[in-house]
Amino acid sequence: MSKSDSIPFWRPGMAKMLPGFFIFLTLFVVPALIVLAYSLMTRGDYGGVIWQFDIDAYARVFGFPNEAEMRGWDFIYLGIFAKSAGIALITALLALLTGYPVAWYIARQNDKKKFVLLFLVTLPFFANALVRVYAWMLILRTDGLINNLFMSLGLITQPLTLLYTPGAVVVAMLYQYLPFMVLPLFASIEKLDVRLIEASQDLGAGAWRTFQKVILPLTKPGIAAGMVLVFVPSFGNFLAPTLIGGGKDLQVGPLMAQAFVAARDWPFGSAVAMVLSTLVLLCLLFMARIERSAQGAQP
Amino acid sequence: MSESRSPVQEPAPTIVQVSAVSKQFRAPDGQWFQALKNVSLNIPAGRFTTLLGPSGCGKTTLLRLIGGFEEPDAGVVLIDGVSMDGVPANKRPTNTVFQHYGLFPHMTVASNVAYGLEIAGVDRREIQRRVQQALEMVRLPEHGNRKVVQMSGGQQQRVALARAIVLQPKVLLLDEPMAALDRKLRKEMQSELKRLQHELGIAFLCVTHDQEEALSMSDLVVVMNQGCVEQIGVPEEIYERPRTQFAARFVGEASLFKARVMQRNSGRTTLETINGQRLNVDQVCSRDEVMLCVRPEKWHAPGSEADEIQVTGLVQESTYLGGVTQIAALSSSGESLIAHLPGRFAPAKGEPVTLACAMQAALVLAD
């Protein structure tokens, strides 16, 4: 089949897309272009930018040496990207492991129960993200819920250091973004024809092989969507690493915030934001590809 | 006729033994529904057996019990002498062709057929050989690389068949395999299935609600109704000698009318029809009133033979079927009669008609 070249650019009905297109243009494209422009300018001493083209911000992000400023190779910022990506990936994987059984269970209920359970899954969204992060601080801190419980049960004598650890950051983000995993997984699992599971059993496959060879491939679009939807906001997260991580390890989100607020280095902050956005776009492309390849398999 | 029957009459060993199996389900409204009531049945090895009955008669439940997709509430299923109690579907020597085919949409035709072999850990080259062989058997030798979704309904059915037979099961279970096919394809697949069964020598157990399909394909027909087996027999037996009212009505068409028992002596019974005609049958009838069954083509216009039963009725409808005319009539005692009379014979609606048949054509039903 020939690709998009056979589809005319303007088709009837496209007028309906105009409001959406307008919102996308003004609230996404224009701001993104402004950030892009800032990232390519020279830093102003008291914040803001001097309108003079400079790619030094990117050079610093990628750690290129700069003789004029007496900088050698320095991968500290790439390291921050890698670390943030690692934590986000762990969060996404844990969300997958915990979200899959939940989504599976919900998808197998009757319609009435499904509705209630899906509502419960989205319930955390009704509270502000900041409130939810504070709640986790109360749970995890030295005289918090967990430590008090364990101490009173006599399981521990000294409070555990739970707060201000990378693990705590992962837990808080996992809690925050789990619905983003459960919802697309639910959509995928609900579409799955359960009769295929019987067919697989009939051909001699046990539960694990059936999961591996039939269920997993057919719910791949949901897995990909859930992974990306959890990974992306975790990657650039600001609240959790700052409040729960205690800002001990610098991550991409706080790094950006610091560049603008503390260091008054707008081009650098913008460059970090652009690199982050590019990585996120790549993730979305990856998701779209998996979804397209799975579409060929839909009956 | 009964002497010149096909060679299927020689007894075959039993491959599936269903003994005293019961199963009930809970309907969405909370009511319990008895799908199978104490069913016992032997399925012969290497033969084509059909479970025939209307929807809800328990035939599919029975198939699923044998395949291991349901567990019986009571009773046991033995396959090749081994109890299947607690044996899951994936450990049973059965394979199923599902009504919905159940083909894996994310795999090619060849991977679908290879699936079971891969699970069984068969050597890669052996898999390739057997997959090709199976695809040739279902006449799809060139379609291995196709995506399942690119295949027509009839082709998907063949892939499902290939996928099931490639594992050489002891019993092949077919759940309404033709239900989704159009009439022409169905005819084609019927003879195809029969041919495959013959070539493979595997026991086929097929569920259908289509009596014509059952009669034309099977070596053995099991007629089921309301969770019970009504009759088991070769197709000729089912048609020529239905045991129960249900079997008589469900398989082919039949005129049923009452007769009274007049006299019993040593295995023979004398009956009297409503018209006051007497006939002797070689059967013991314990009840005082029995039901007689006559197949439509057994009727003829009244002649002069002495051992003839005659029934009079009013014509309800007469339809020329080409070669024969089908007459639906209501007897004077309120029973509906159906007869195929040769030639174009068209009594008007409401006209009286007298139908006659030989005494031995009237069968005494068990209920």
# chains A, B, ... in the order shown; residues from 1 in each chain; ligands from 1
$ closest_atom_pairs --of "chain A" --to "chain B" --cutoff "9 Å" --atoms "only C-alpha atoms" --output "CSV"
residue,atom,partner,partner_atom,distance
A:Asp193,CA,B:Gly102,CA,8.6
A:Arg195,CA,B:Gly102,CA,6.3
A:Leu196,CA,B:Gly102,CA,5.2
A:Ile197,CA,B:Gly102,CA,8.6
A:Glu198,CA,B:Phe69,CA,7.5
A:Ala199,CA,B:Gly102,CA,5.7
A:Ser200,CA,B:Gly116,CA,8.0
A:Gln201,CA,B:Asn90,CA,4.7
A:Asp202,CA,B:Asn90,CA,5.2
A:Leu203,CA,B:Gly116,CA,4.8
A:Gly204,CA,B:Asn90,CA,3.8
A:Ala205,CA,B:Asn90,CA,5.6
A:Gly206,CA,B:Asn90,CA,6.2
A:Arg209,CA,B:Ile119,CA,7.8
A:Val214,CA,B:Phe104,CA,7.3
A:Pro217,CA,B:His106,CA,7.4
A:Leu218,CA,B:His106,CA,7.0
A:Ala294,CA,B:His106,CA,7.5
A:Gly296,CA,B:His106,CA,7.7
A:Ala297,CA,B:His106,CA,4.5
A:Gln298,CA,B:Pro105,CA,6.3
A:Pro299,CA,B:Val149,CA,5.7
$ select_by_dssp --residues "stretch 119-280 of chain B" --states "strand (DSSP E or B)" --output "VMD selection string"
chain B and resid 147 171 to 175 203 to 208 220 to 225 228 to 233 255 to 265 268 to 273 278 to 280
$ write_last_selection --atoms "N, CA and C atoms" --output "tab-separated table (two decimals), in the first residue's frame"
chain	number	residue	atom	x	y	z
B	147	LYS	N	-0.85	-13.67	6.65
B	147	LYS	CA	-1.39	-13.30	7.96
B	147	LYS	C	-2.79	-13.89	8.07
B	171	VAL	N	-8.29	-37.62	19.95
B	171	VAL	CA	-9.64	-37.22	19.57
B	171	VAL	C	-9.59	-35.79	19.06
B	172	LEU	N	-10.21	-35.55	17.92
B	172	LEU	CA	-10.32	-34.18	17.43
B	172	LEU	C	-11.73	-33.70	17.76
B	173	LEU	N	-11.81	-32.60	18.49
B	173	LEU	CA	-13.10	-32.05	18.89
B	173	LEU	C	-13.44	-30.90	17.95
B	174	LEU	N	-14.65	-30.92	17.40
B	174	LEU	CA	-15.06	-29.85	16.50
B	174	LEU	C	-16.34	-29.23	17.03
B	175	ASP	N	-16.25	-27.94	17.37
B	175	ASP	CA	-17.40	-27.27	17.96
B	175	ASP	C	-18.12	-26.45	16.90
B	203	ALA	N	-10.26	-40.22	15.78
B	203	ALA	CA	-11.66	-40.07	16.14
B	203	ALA	C	-12.03	-38.60	16.06
B	204	PHE	N	-13.08	-38.27	15.31
B	204	PHE	CA	-13.59	-36.90	15.24
B	204	PHE	C	-14.87	-36.87	16.07
B	205	LEU	N	-14.96	-35.86	16.93
B	205	LEU	CA	-16.20	-35.67	17.68
B	205	LEU	C	-16.69	-34.26	17.37
B	206	CYS	N	-17.81	-34.21	16.65
B	206	CYS	CA	-18.27	-32.94	16.10
B	206	CYS	C	-19.61	-32.55	16.69
B	207	VAL	N	-19.71	-31.30	17.11
B	207	VAL	CA	-20.97	-30.79	17.65
B	207	VAL	C	-21.70	-30.04	16.55
B	208	THR	N	-22.97	-30.34	16.36
B	208	THR	CA	-23.74	-29.59	15.37
B	208	THR	C	-25.22	-29.56	15.77
B	220	LEU	N	-21.46	-42.22	13.54
B	220	LEU	CA	-22.29	-42.42	14.71
B	220	LEU	C	-22.89	-41.07	15.09
B	221	VAL	N	-24.19	-41.07	15.35
B	221	VAL	CA	-24.86	-39.83	15.74
B	221	VAL	C	-25.37	-39.98	17.16
B	222	VAL	N	-25.09	-38.96	17.99
B	222	VAL	CA	-25.62	-38.94	19.35
B	222	VAL	C	-26.64	-37.80	19.40
B	223	VAL	N	-27.90	-38.14	19.55
B	223	VAL	CA	-28.93	-37.11	19.61
B	223	VAL	C	-29.12	-36.70	21.06
B	224	MET	N	-28.99	-35.39	21.32
B	224	MET	CA	-29.10	-34.90	22.69
B	224	MET	C	-30.23	-33.91	22.82
B	225	ASN	N	-30.83	-33.90	23.99
B	225	ASN	CA	-31.89	-32.93	24.28
B	225	ASN	C	-31.94	-32.67	25.78
B	228	CYS	N	-29.66	-34.55	28.15
B	228	CYS	CA	-29.69	-36.02	28.15
B	228	CYS	C	-29.42	-36.53	26.74
B	229	VAL	N	-28.91	-37.77	26.68
B	229	VAL	CA	-28.76	-38.42	25.40
B	229	VAL	C	-30.08	-39.08	25.05
B	230	GLU	N	-30.63	-38.73	23.90
B	230	GLU	CA	-31.92	-39.30	23.50
B	230	GLU	C	-31.72	-40.61	22.74
B	231	GLN	N	-30.69	-40.63	21.90
B	231	GLN	CA	-30.46	-41.82	21.10
B	231	GLN	C	-29.05	-41.82	20.55
B	232	ILE	N	-28.45	-43.00	20.48
B	232	ILE	CA	-27.15	-43.14	19.84
B	232	ILE	C	-27.29	-44.18	18.75
B	233	GLY	N	-26.80	-43.87	17.57
B	233	GLY	CA	-26.89	-44.87	16.51
B	233	GLY	C	-26.23	-44.38	15.25
B	255	SER	N	-44.43	-37.77	11.27
B	255	SER	CA	-45.81	-37.66	11.72
B	255	SER	C	-45.90	-38.53	12.97
B	256	LEU	N	-46.37	-37.96	14.04
B	256	LEU	CA	-46.52	-38.73	15.27
B	256	LEU	C	-48.00	-38.82	15.60
B	257	PHE	N	-48.47	-40.01	15.88
B	257	PHE	CA	-49.87	-40.13	16.31
B	257	PHE	C	-50.00	-41.25	17.33
B	258	LYS	N	-51.04	-41.12	18.12
B	258	LYS	CA	-51.22	-42.02	19.26
B	258	LYS	C	-51.85	-43.35	18.83
B	259	ALA	N	-51.56	-44.38	19.62
B	259	ALA	CA	-52.22	-45.68	19.45
B	259	ALA	C	-52.43	-46.29	20.82
B	260	ARG	N	-53.45	-47.08	20.96
B	260	ARG	CA	-53.73	-47.72	22.25
B	260	ARG	C	-53.26	-49.15	22.23
B	261	VAL	N	-52.75	-49.61	23.36
B	261	VAL	CA	-52.33	-51.00	23.46
B	261	VAL	C	-53.57	-51.84	23.72
B	262	MET	N	-53.80	-52.83	22.87
B	262	MET	CA	-54.99	-53.68	23.00
B	262	MET	C	-54.66	-54.99	23.67
B	263	GLN	N	-53.52	-55.53	23.29
B	263	GLN	CA	-53.23	-56.89	23.72
B	263	GLN	C	-51.73	-57.08	23.79
B	264	ARG	N	-51.26	-57.79	24.81
B	264	ARG	CA	-49.84	-58.08	24.90
B	264	ARG	C	-49.68	-59.58	24.98
B	265	ASN	N	-48.85	-60.15	24.11
B	265	ASN	CA	-48.49	-61.56	24.35
B	265	ASN	C	-47.07	-61.85	23.90
B	268	ARG	N	-44.87	-59.59	21.70
B	268	ARG	CA	-45.61	-58.89	20.65
B	268	ARG	C	-46.74	-58.09	21.27
B	269	THR	N	-47.05	-56.96	20.62
B	269	THR	CA	-48.10	-56.12	21.14
B	269	THR	C	-49.07	-55.78	20.02
B	270	THR	N	-50.31	-55.81	20.34
B	270	THR	CA	-51.31	-55.39	19.35
B	270	THR	C	-51.76	-53.98	19.72
B	271	LEU	N	-51.72	-53.10	18.73
B	271	LEU	CA	-52.09	-51.71	18.96
B	271	LEU	C	-53.31	-51.37	18.13
B	272	GLU	N	-54.00	-50.34	18.58
B	272	GLU	CA	-55.13	-49.86	17.80
B	272	GLU	C	-54.99	-48.36	17.61
B	273	THR	N	-55.07	-47.92	16.37
B	273	THR	CA	-54.96	-46.48	16.12
B	273	THR	C	-56.30	-45.83	16.40
B	278	ARG	N	-55.95	-52.00	13.55
B	278	ARG	CA	-55.09	-52.76	14.46
B	278	ARG	C	-53.78	-53.09	13.77
B	279	LEU	N	-52.71	-53.09	14.56
B	279	LEU	CA	-51.44	-53.54	14.01
B	279	LEU	C	-50.65	-54.24	15.09
B	280	ASN	N	-49.82	-55.16	14.65
B	280	ASN	CA	-48.99	-55.91	15.58
B	280	ASN	C	-47.55	-55.44	15.46
$ select_by_dssp --residues "stretch 207-272 of chain B" --states "helix (DSSP H, G or I)" --output "PDB file with C-alpha atoms, in the first residue's frame"
ATOM      1  CA  GLN B 211     -29.323 -32.760  11.328  1.00  0.00           C
ATOM      2  CA  GLU B 212     -28.499 -32.955   7.637  1.00  0.00           C
ATOM      3  CA  GLU B 213     -24.839 -32.325   8.457  1.00  0.00           C
ATOM      4  CA  ALA B 214     -24.921 -34.975  11.171  1.00  0.00           C
ATOM      5  CA  LEU B 215     -26.514 -37.594   8.952  1.00  0.00           C
ATOM      6  CA  SER B 216     -24.228 -36.972   5.989  1.00  0.00           C
ATOM      7  CA  MET B 217     -20.892 -36.843   7.841  1.00  0.00           C
ATOM      8  CA  PRO B 235     -27.325 -42.258  10.788  1.00  0.00           C
ATOM      9  CA  GLU B 236     -29.683 -44.792   9.169  1.00  0.00           C
ATOM     10  CA  GLU B 237     -30.745 -46.035  12.551  1.00  0.00           C
ATOM     11  CA  ILE B 238     -31.393 -42.533  13.844  1.00  0.00           C
ATOM     12  CA  TYR B 239     -33.528 -41.733  10.854  1.00  0.00           C
ATOM     13  CA  GLU B 240     -35.241 -45.050  10.251  1.00  0.00           C
ATOM     14  CA  GLN B 245     -40.447 -38.341  20.115  1.00  0.00           C
ATOM     15  CA  PHE B 246     -37.662 -35.799  20.283  1.00  0.00           C
ATOM     16  CA  ALA B 247     -35.344 -37.844  18.069  1.00  0.00           C
ATOM     17  CA  ALA B 248     -38.155 -38.406  15.579  1.00  0.00           C
ATOM     18  CA  ARG B 249     -38.982 -34.721  15.381  1.00  0.00           C
ATOM     19  CA  PHE B 250     -35.462 -33.307  15.495  1.00  0.00           C
TER      20      PHE B 250
END
$ residues_around --residues "B:Val353" --least-positions-apart "3" --cutoff "6 Å" --atoms "only C-alpha atoms" --output "list in words"
Thr312, Gly313 and Leu314 of chain B
$ write_last_selection --atoms "N, CA and C atoms" --output "PDB file, in the first residue's frame"
ATOM      1  N   THR B 312     -56.673 -40.194   8.312  1.00  0.00           N
ATOM      2  CA  THR B 312     -57.363 -39.146   7.570  1.00  0.00           C
ATOM      3  C   THR B 312     -57.132 -37.806   8.260  1.00  0.00           C
ATOM      4  N   GLY B 313     -56.998 -36.801   7.436  1.00  0.00           N
ATOM      5  CA  GLY B 313     -56.796 -35.474   8.018  1.00  0.00           C
ATOM      6  C   GLY B 313     -57.208 -34.382   7.060  1.00  0.00           C
ATOM      7  N   LEU B 314     -57.143 -33.153   7.545  1.00  0.00           N
ATOM      8  CA  LEU B 314     -57.454 -32.011   6.697  1.00  0.00           C
ATOM      9  C   LEU B 314     -56.148 -31.342   6.284  1.00  0.00           C
TER      10      LEU B 314
END
$ residues_around --residues "A:Val61" --least-positions-apart "4" --cutoff "7 Å" --atoms "only C-alpha atoms" --output "short mmCIF file (atom, residue, chain, number, x, y, z; two decimals) with N, CA and C atoms, in the first residue's frame"
data_model
loop_
_atom_site.label_atom_id
_atom_site.label_comp_id
_atom_site.auth_asym_id
_atom_site.auth_seq_id
_atom_site.Cartn_x
_atom_site.Cartn_y
_atom_site.Cartn_z
N ALA A 57 25.05 26.69 25.54
CA ALA A 57 24.18 25.97 26.48
C ALA A 57 24.16 24.48 26.15
N TYR A 77 26.18 16.52 33.28
CA TYR A 77 24.76 16.71 32.95
C TYR A 77 24.20 15.50 32.22
N LEU A 78 25.02 14.91 31.33
CA LEU A 78 24.56 13.67 30.68
C LEU A 78 24.33 12.60 31.73
N VAL A 272 18.37 22.19 28.39
CA VAL A 272 18.01 20.94 29.09
C VAL A 272 16.59 20.55 28.71
#
$ residues_around --residues "B:Val109" --least-positions-apart "6" --cutoff "7 Å" --atoms "only C-alpha atoms" --output "PyMOL selection string"
chain B and resi 143-148+159
$ write_last_selection --atoms "N, CA and C atoms" --output "mmCIF file, in the first residue's frame"
data_model
loop_
_atom_site.group_PDB
_atom_site.id
_atom_site.type_symbol
_atom_site.label_atom_id
_atom_site.label_comp_id
_atom_site.auth_asym_id
_atom_site.auth_seq_id
_atom_site.Cartn_x
_atom_site.Cartn_y
_atom_site.Cartn_z
ATOM 1 N N HIS B 143 -0.097 -21.097 1.579
ATOM 2 C CA HIS B 143 -0.574 -19.976 2.385
ATOM 3 C C HIS B 143 0.159 -19.779 3.705
ATOM 4 N N GLY B 144 1.239 -20.526 3.901
ATOM 5 C CA GLY B 144 1.943 -20.486 5.175
ATOM 6 C C GLY B 144 2.367 -19.114 5.651
ATOM 7 N N ASN B 145 2.790 -18.258 4.713
ATOM 8 C CA ASN B 145 3.325 -16.961 5.119
ATOM 9 C C ASN B 145 2.269 -15.879 5.246
ATOM 10 N N ARG B 146 1.032 -16.225 4.937
ATOM 11 C CA ARG B 146 -0.029 -15.220 5.027
ATOM 12 C C ARG B 146 -0.338 -14.889 6.481
ATOM 13 N N LYS B 147 -0.854 -13.672 6.647
ATOM 14 C CA LYS B 147 -1.392 -13.300 7.959
ATOM 15 C C LYS B 147 -2.791 -13.893 8.066
ATOM 16 N N VAL B 148 -3.150 -14.279 9.261
ATOM 17 C CA VAL B 148 -4.454 -14.899 9.460
ATOM 18 C C VAL B 148 -5.592 -13.978 9.025
ATOM 19 N N VAL B 159 -7.258 -23.478 8.349
ATOM 20 C CA VAL B 159 -6.066 -23.273 9.167
ATOM 21 C C VAL B 159 -6.304 -23.846 10.571
#
$ closest_residue --among "A:Gly247, A:Gly154, A:Gly47, A:Gly99" --to "A:Asp265" --atoms "only C-alpha atoms"
A:Gly47
$ closest_atom_pairs --of "stretch 132-168 of chain A" --to "stretch 89-95 of chain A" --cutoff "12 Å" --atoms "only C-alpha atoms" --output "CSV"
residue,atom,partner,partner_atom,distance
A:Pro166,CA,A:Ile90,CA,10.6
A:Gly167,CA,A:Thr91,CA,9.5
A:Ala168,CA,A:Thr91,CA,10.8
$ closest_residue --among "A:Ala259, A:Val133, A:Ala225, A:Ile106" --to "A:Ala288" --atoms "only C-alpha atoms"
A:Ala225
$ residues_around --residues "A:Leu178" --least-positions-apart "2" --cutoff "9 Å" --atoms "only C-alpha atoms" --output "PyMOL selection string"
chain A and resi 92+95-96+98-99+121+173-176+180-183+226+230
$ closest_residue --among "A:Ile156, A:Leu239, A:Met274, A:Leu216" --to "A:Leu40" --atoms "only C-alpha atoms"
A:Met274
$ decode --residues "stretch 48-136 of chain A" --atoms "C-alpha atoms" --output "mmCIF file, in the first residue's frame"
data_model
loop_
_atom_site.group_PDB
_atom_site.id
_atom_site.type_symbol
_atom_site.label_atom_id
_atom_site.label_comp_id
_atom_site.auth_asym_id
_atom_site.auth_seq_id
_atom_site.Cartn_x
_atom_site.Cartn_y
_atom_site.Cartn_z
ATOM 1 C CA GLY A 48 16.744 36.343 30.791
ATOM 2 C CA VAL A 49 18.793 36.237 27.624
ATOM 3 C CA ILE A 50 20.873 38.507 25.473
ATOM 4 C CA TRP A 51 19.693 38.175 21.887
ATOM 5 C CA GLN A 52 22.916 36.871 20.540
ATOM 6 C CA PHE A 53 23.195 33.437 18.966
ATOM 7 C CA ASP A 54 25.189 30.954 21.062
ATOM 8 C CA ILE A 55 25.130 27.163 21.257
ATOM 9 C CA ASP A 56 27.188 27.119 24.422
ATOM 10 C CA ALA A 57 24.176 25.967 26.475
ATOM 11 C CA TYR A 58 23.996 22.763 24.426
ATOM 12 C CA ALA A 59 27.753 22.363 24.595
ATOM 13 C CA ARG A 60 27.469 22.402 28.382
ATOM 14 C CA VAL A 61 24.561 19.945 28.432
ATOM 15 C CA PHE A 62 26.521 17.489 26.298
ATOM 16 C CA GLY A 63 29.763 18.243 28.154
ATOM 17 C CA PHE A 64 31.878 19.513 25.248
ATOM 18 C CA PRO A 65 35.077 21.262 26.297
ATOM 19 C CA ASN A 66 35.258 25.046 25.995
ATOM 20 C CA GLU A 67 38.750 26.532 26.097
ATOM 21 C CA ALA A 68 37.605 30.109 26.500
ATOM 22 C CA GLU A 69 35.853 29.202 29.723
ATOM 23 C CA MET A 70 38.580 26.674 30.634
ATOM 24 C CA ARG A 71 36.243 23.683 30.566
ATOM 25 C CA GLY A 72 37.353 20.185 29.682
ATOM 26 C CA TRP A 73 35.107 17.226 28.800
ATOM 27 C CA ASP A 74 32.455 17.074 31.480
ATOM 28 C CA PHE A 75 29.640 14.563 31.400
ATOM 29 C CA ILE A 76 27.997 15.570 34.648
ATOM 30 C CA TYR A 77 24.762 16.710 32.949
ATOM 31 C CA LEU A 78 24.557 13.675 30.682
ATOM 32 C CA GLY A 79 25.043 11.667 33.852
ATOM 33 C CA ILE A 80 22.041 13.434 35.382
ATOM 34 C CA PHE A 81 20.019 12.585 32.283
ATOM 35 C CA ALA A 82 21.105 8.949 32.483
ATOM 36 C CA LYS A 83 20.316 8.703 36.176
ATOM 37 C CA SER A 84 16.903 10.322 35.763
ATOM 38 C CA ALA A 85 16.167 8.019 32.849
ATOM 39 C CA GLY A 86 17.219 5.047 34.963
ATOM 40 C CA ILE A 87 14.953 6.008 37.842
ATOM 41 C CA ALA A 88 12.094 6.718 35.432
ATOM 42 C CA LEU A 89 12.637 3.365 33.728
ATOM 43 C CA ILE A 90 12.608 1.525 37.044
ATOM 44 C CA THR A 91 9.412 3.368 37.948
ATOM 45 C CA ALA A 92 7.827 2.421 34.620
ATOM 46 C CA LEU A 93 8.856 -1.240 34.975
ATOM 47 C CA LEU A 94 7.520 -1.438 38.520
ATOM 48 C CA ALA A 95 4.319 0.221 37.340
ATOM 49 C CA LEU A 96 4.044 -2.436 34.630
ATOM 50 C CA LEU A 97 4.584 -5.270 37.098
ATOM 51 C CA THR A 98 2.071 -3.905 39.577
ATOM 52 C CA GLY A 99 -0.361 -2.482 37.010
ATOM 53 C CA TYR A 100 -0.709 -5.554 34.797
ATOM 54 C CA PRO A 101 -2.437 -7.789 37.357
ATOM 55 C CA VAL A 102 -4.668 -4.877 38.377
ATOM 56 C CA ALA A 103 -5.654 -4.132 34.777
ATOM 57 C CA TRP A 104 -6.191 -7.842 34.153
ATOM 58 C CA TYR A 105 -8.438 -8.168 37.174
ATOM 59 C CA ILE A 106 -10.517 -5.107 36.243
ATOM 60 C CA ALA A 107 -10.870 -6.191 32.615
ATOM 61 C CA ARG A 108 -12.334 -9.528 33.730
ATOM 62 C CA GLN A 109 -15.144 -8.016 35.841
ATOM 63 C CA ASN A 110 -18.681 -7.252 34.721
ATOM 64 C CA ASP A 111 -19.402 -3.802 33.313
ATOM 65 C CA LYS A 112 -20.766 -2.323 36.513
ATOM 66 C CA LYS A 113 -17.823 -3.436 38.609
ATOM 67 C CA LYS A 114 -15.387 -2.337 35.905
ATOM 68 C CA PHE A 115 -16.719 1.190 36.059
ATOM 69 C CA VAL A 116 -16.356 1.377 39.838
ATOM 70 C CA LEU A 117 -12.850 -0.082 39.813
ATOM 71 C CA LEU A 118 -11.648 2.215 37.030
ATOM 72 C CA PHE A 119 -13.041 5.142 38.975
ATOM 73 C CA LEU A 120 -11.077 4.004 42.026
ATOM 74 C CA VAL A 121 -7.917 3.744 39.932
ATOM 75 C CA THR A 122 -8.251 7.363 38.847
ATOM 76 C CA LEU A 123 -9.205 8.541 42.344
ATOM 77 C CA PRO A 124 -5.688 9.823 43.248
ATOM 78 C CA PHE A 125 -6.012 12.326 40.384
ATOM 79 C CA PHE A 126 -8.633 14.134 42.414
ATOM 80 C CA ALA A 127 -5.956 15.291 44.846
ATOM 81 C CA ASN A 128 -3.277 17.777 43.879
ATOM 82 C CA ALA A 129 0.089 16.242 43.014
ATOM 83 C CA LEU A 130 1.797 18.279 45.717
ATOM 84 C CA VAL A 131 -0.621 16.976 48.343
ATOM 85 C CA ARG A 132 0.035 13.413 47.234
ATOM 86 C CA VAL A 133 3.789 13.877 47.453
ATOM 87 C CA TYR A 134 3.439 15.399 50.937
ATOM 88 C CA ALA A 135 1.346 12.410 51.947
ATOM 89 C CA TRP A 136 4.214 10.147 50.969
#
